[in-house]
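Undergrad: Structure provided below as structure tokens; questions to follow.
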Amino acid sequence: MARAFVYVILGGGVAAGYAALEFSRRGISHGELCIISEESVAPYERPALSKGYLLPEAPARLPYFHTCVGAGEQRLTPEWYKEHGIELILETTVKSANVKQKTLTTENGETISYRTLIIATGARALKLEEFGVRGSNAEKVCYLRNLNDADRLVDVMKSCVGGNAVVIGGGYIGMECTAALVTNRIKVTMVFPGAHCMVRLFTQKIASFYEGYYESKGVKFIKGTVVTSFENDSEGKVTAVILKDGTRLPTDMVVVGIGSRANTSLFEDQLTIEKGGIKVNNLMQTSNSSVYAVGDVAAFPVKLFNGDTRRLEHVDSARKTARHAVAAIMGPRNTSDLDYVPFFYSRVFTLAWQFYGDNIGDVVHYGDFTKGKFGAYWVNKGRVVGAFLEGGAKEEYEAIARVVKLKATVKGKDVVEGQGIDFALRA
Ligand code: FAD
Ligand code: NDP
């Protein structure tokens, strides 16, 4: 079987949903665009999976969080795609690609050809086996990347209420899933190799606040070590986690969040790869002019960082790179370079933080760390390059984004420390 489309989006996640909306706004004809996804549902806002989806009361469920509600836009239900003549080819994995011939081949042997391809294959969760630890396929050991994983996690949590969980990894998944487990009345021990949680973004001082908050909810931290094996019962259900120093942690369930890898494998020998992703220019175009890459899989030049290539695994970047690629495809002459300010955020319990920019240079903390209203600026060569804020109001978050975009000059670190959020509000 063979089918041909003008535009093909490979991958049906966040970036695909935002790209589809942009295509429809710019005007495409029925039958010109298809989205191929191995998932069984239309594109949805993935961040919901570690937040609202895991709530014990009134959890978020589809169709509620289909894209593009996360950015306050239309909800693109399966009916929307039908009405707009966009074909959703679901539960279909693309097994090979040939960018010279402009074709993709699915697991069923179907060939799908395109004039322009957008690669939006995202990333996959790293498995413990990739670090030489066996047994993470045991029952009640959970990863979290897609809806199926989230459904499984919900079922496992339901069966462990009042029991214990070990969370492996102190990054985004570790922190957000721990909060969800606690809310589901499960006692959590977090294990990770770093000196503190969120080690790639948080300073020790920022991390101490969140760790203290989690400890107040009964969470235990075991830092600076890794898991080496699991113990299972006769039915293959996990019963304990063994650490490098031999410590045995009896448990009813495990959640693993040890990072991710971009899904580049179909294109590694055909397109330029950099920083673990598919390298694109500032129009999101790859080394083949008919192929664009967006979202987690794309390594793109960040103008704000003097064109330094970055691969960002965050939803705002997926949304904006997807829209930018479509703008470039539909109107290349009218599309200026992407001018993106990297933006990361998280919400756990009643806490919420946002970060903009880059976490390099000297750090200036400010605010009240005891009351949960604090922030930090990263200052490099006398200018603000990154800003973090916990517990901010809308205009305060907008202000820290602005101060980073402007690369505001810092006269003295003590001045900024004294002014705190006012420094950003006045900039
Ligand atoms: P994805 O949304 O991962 O979509 C990729 C799609 O491609 C998937 O549908 C996949 O099945 C499909 N695919 C891959 N390979 C193939 C193939 N060969 N054939 C067919 N289909 C294929 N970011 C934030 O900024 N804030 C958050 O709060 C936040 N929370 C998150 C919570 C969770 C649980 C996870 C996993 C991520 C979270 N992120 C968050 C990150 C954010 O969701 C990602 O950056 C975003 O989803 C990237 O969008 P994408 O379209 O590039 O990839
Ligand atoms: P992260 O990279 O955020 O964190 C990985 C964590 O695992 C780190 O604490 C890391 O420690 C630790 N780790 C690495 N190797 C091992 C190992 N062998 N054993 C134990 N721990 C290990 O990845 P996540 O898995 O948390 O998140 C996956 C993806 O989901 C990311 O793309 C993330 O951006 C996205 N996501 C984003 C959210 C958000 O933006 N709010 C929410 C949820 C997911 P160390 O750093 O010390 O090496």
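A note on labels: chains of the structure tokens are A, B, ... as shown, every chain counts residues from 1, and ligands are counted from 1 in their shown order.
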Residues within 8 Å of ligand 1 (only C-alpha atoms and all ligand atoms), as a ChimeraX atom specification?
TA: /A:10-17,36-39,43-51,91-96,106,120-125,144-146,150,172-173,263,266,294-298,312-319,343-347
Undergrad: Among stretch 105-354 of chain A, which ones does DSSP assign to helix (DSSP H, G or I) (computed from the backbone)? Answer as a PyMOL selection string.
TA: chain A and resi 128-131+147-159+172-183+204-216+265-267+295-297+303-305+315-330+332-334
Undergrad: Considering only C-alpha atoms, return as a ChimeraX atom specification whatever protein or nucleic-acid residues lie within 12 Å of A:Asp269, sequence-local ones (same chain, fewer than 5 positions apart) excluded.
TA: /A:96-100,264,278,287
Undergrad: Determine, using only C-alpha atoms and all ligand atoms, which residues of chain A have any atom at most 6 Å from an atom of ligand 2, and tabulate each with its shortest atom pair and distance in Å to one decimal place, rows ordered by chain and then rising number, as CSV.
TA:
residue,atom,partner,partner_atom_place_in_ligand_line,distance
A:Phe131,CA,ligand 2,18 (N),5.6
A:Ile168,CA,ligand 2,20 (C),5.3
A:Gly169,CA,ligand 2,7 (O),3.6
A:Gly170,CA,ligand 2,9 (O),3.4
A:Gly171,CA,ligand 2,4 (O),3.3
A:Tyr172,CA,ligand 2,26 (O),3.7
A:Ile173,CA,ligand 2,26 (O),3.7
A:Gly174,CA,ligand 2,26 (O),5.4
A:Phe192,CA,ligand 2,21 (N),4.5
A:Pro193,CA,ligand 2,47 (O),4.7
A:Gly194,CA,ligand 2,47 (O),3.5
A:Met198,CA,ligand 2,9 (O),5.8
A:Val199,CA,ligand 2,46 (O),5.2
A:Arg200,CA,ligand 2,46 (O),5.8
A:Val226,CA,ligand 2,19 (N),4.9
A:Gly257,CA,ligand 2,25 (O),3.5
A:Ile258,CA,ligand 2,7 (O),3.2
A:Gly259,CA,ligand 2,23 (O),3.2
A:Ser260,CA,ligand 2,28 (C),5.0
A:Glu313,CA,ligand 2,32 (O),4.3
A:His314,CA,ligand 2,34 (O),5.3
A:Phe344,CA,ligand 2,40 (O),5.5
A:Tyr345,CA,ligand 2,41 (N),5.2
A:Ser346,CA,ligand 2,41 (N),4.1
Undergrad: Could you jot down the atom CA of A:Pro63 to atom CA of A:Glu32 separation for me, Å, one decimal place?
TA: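 Between these atoms lies a distance of 24.8 Å.
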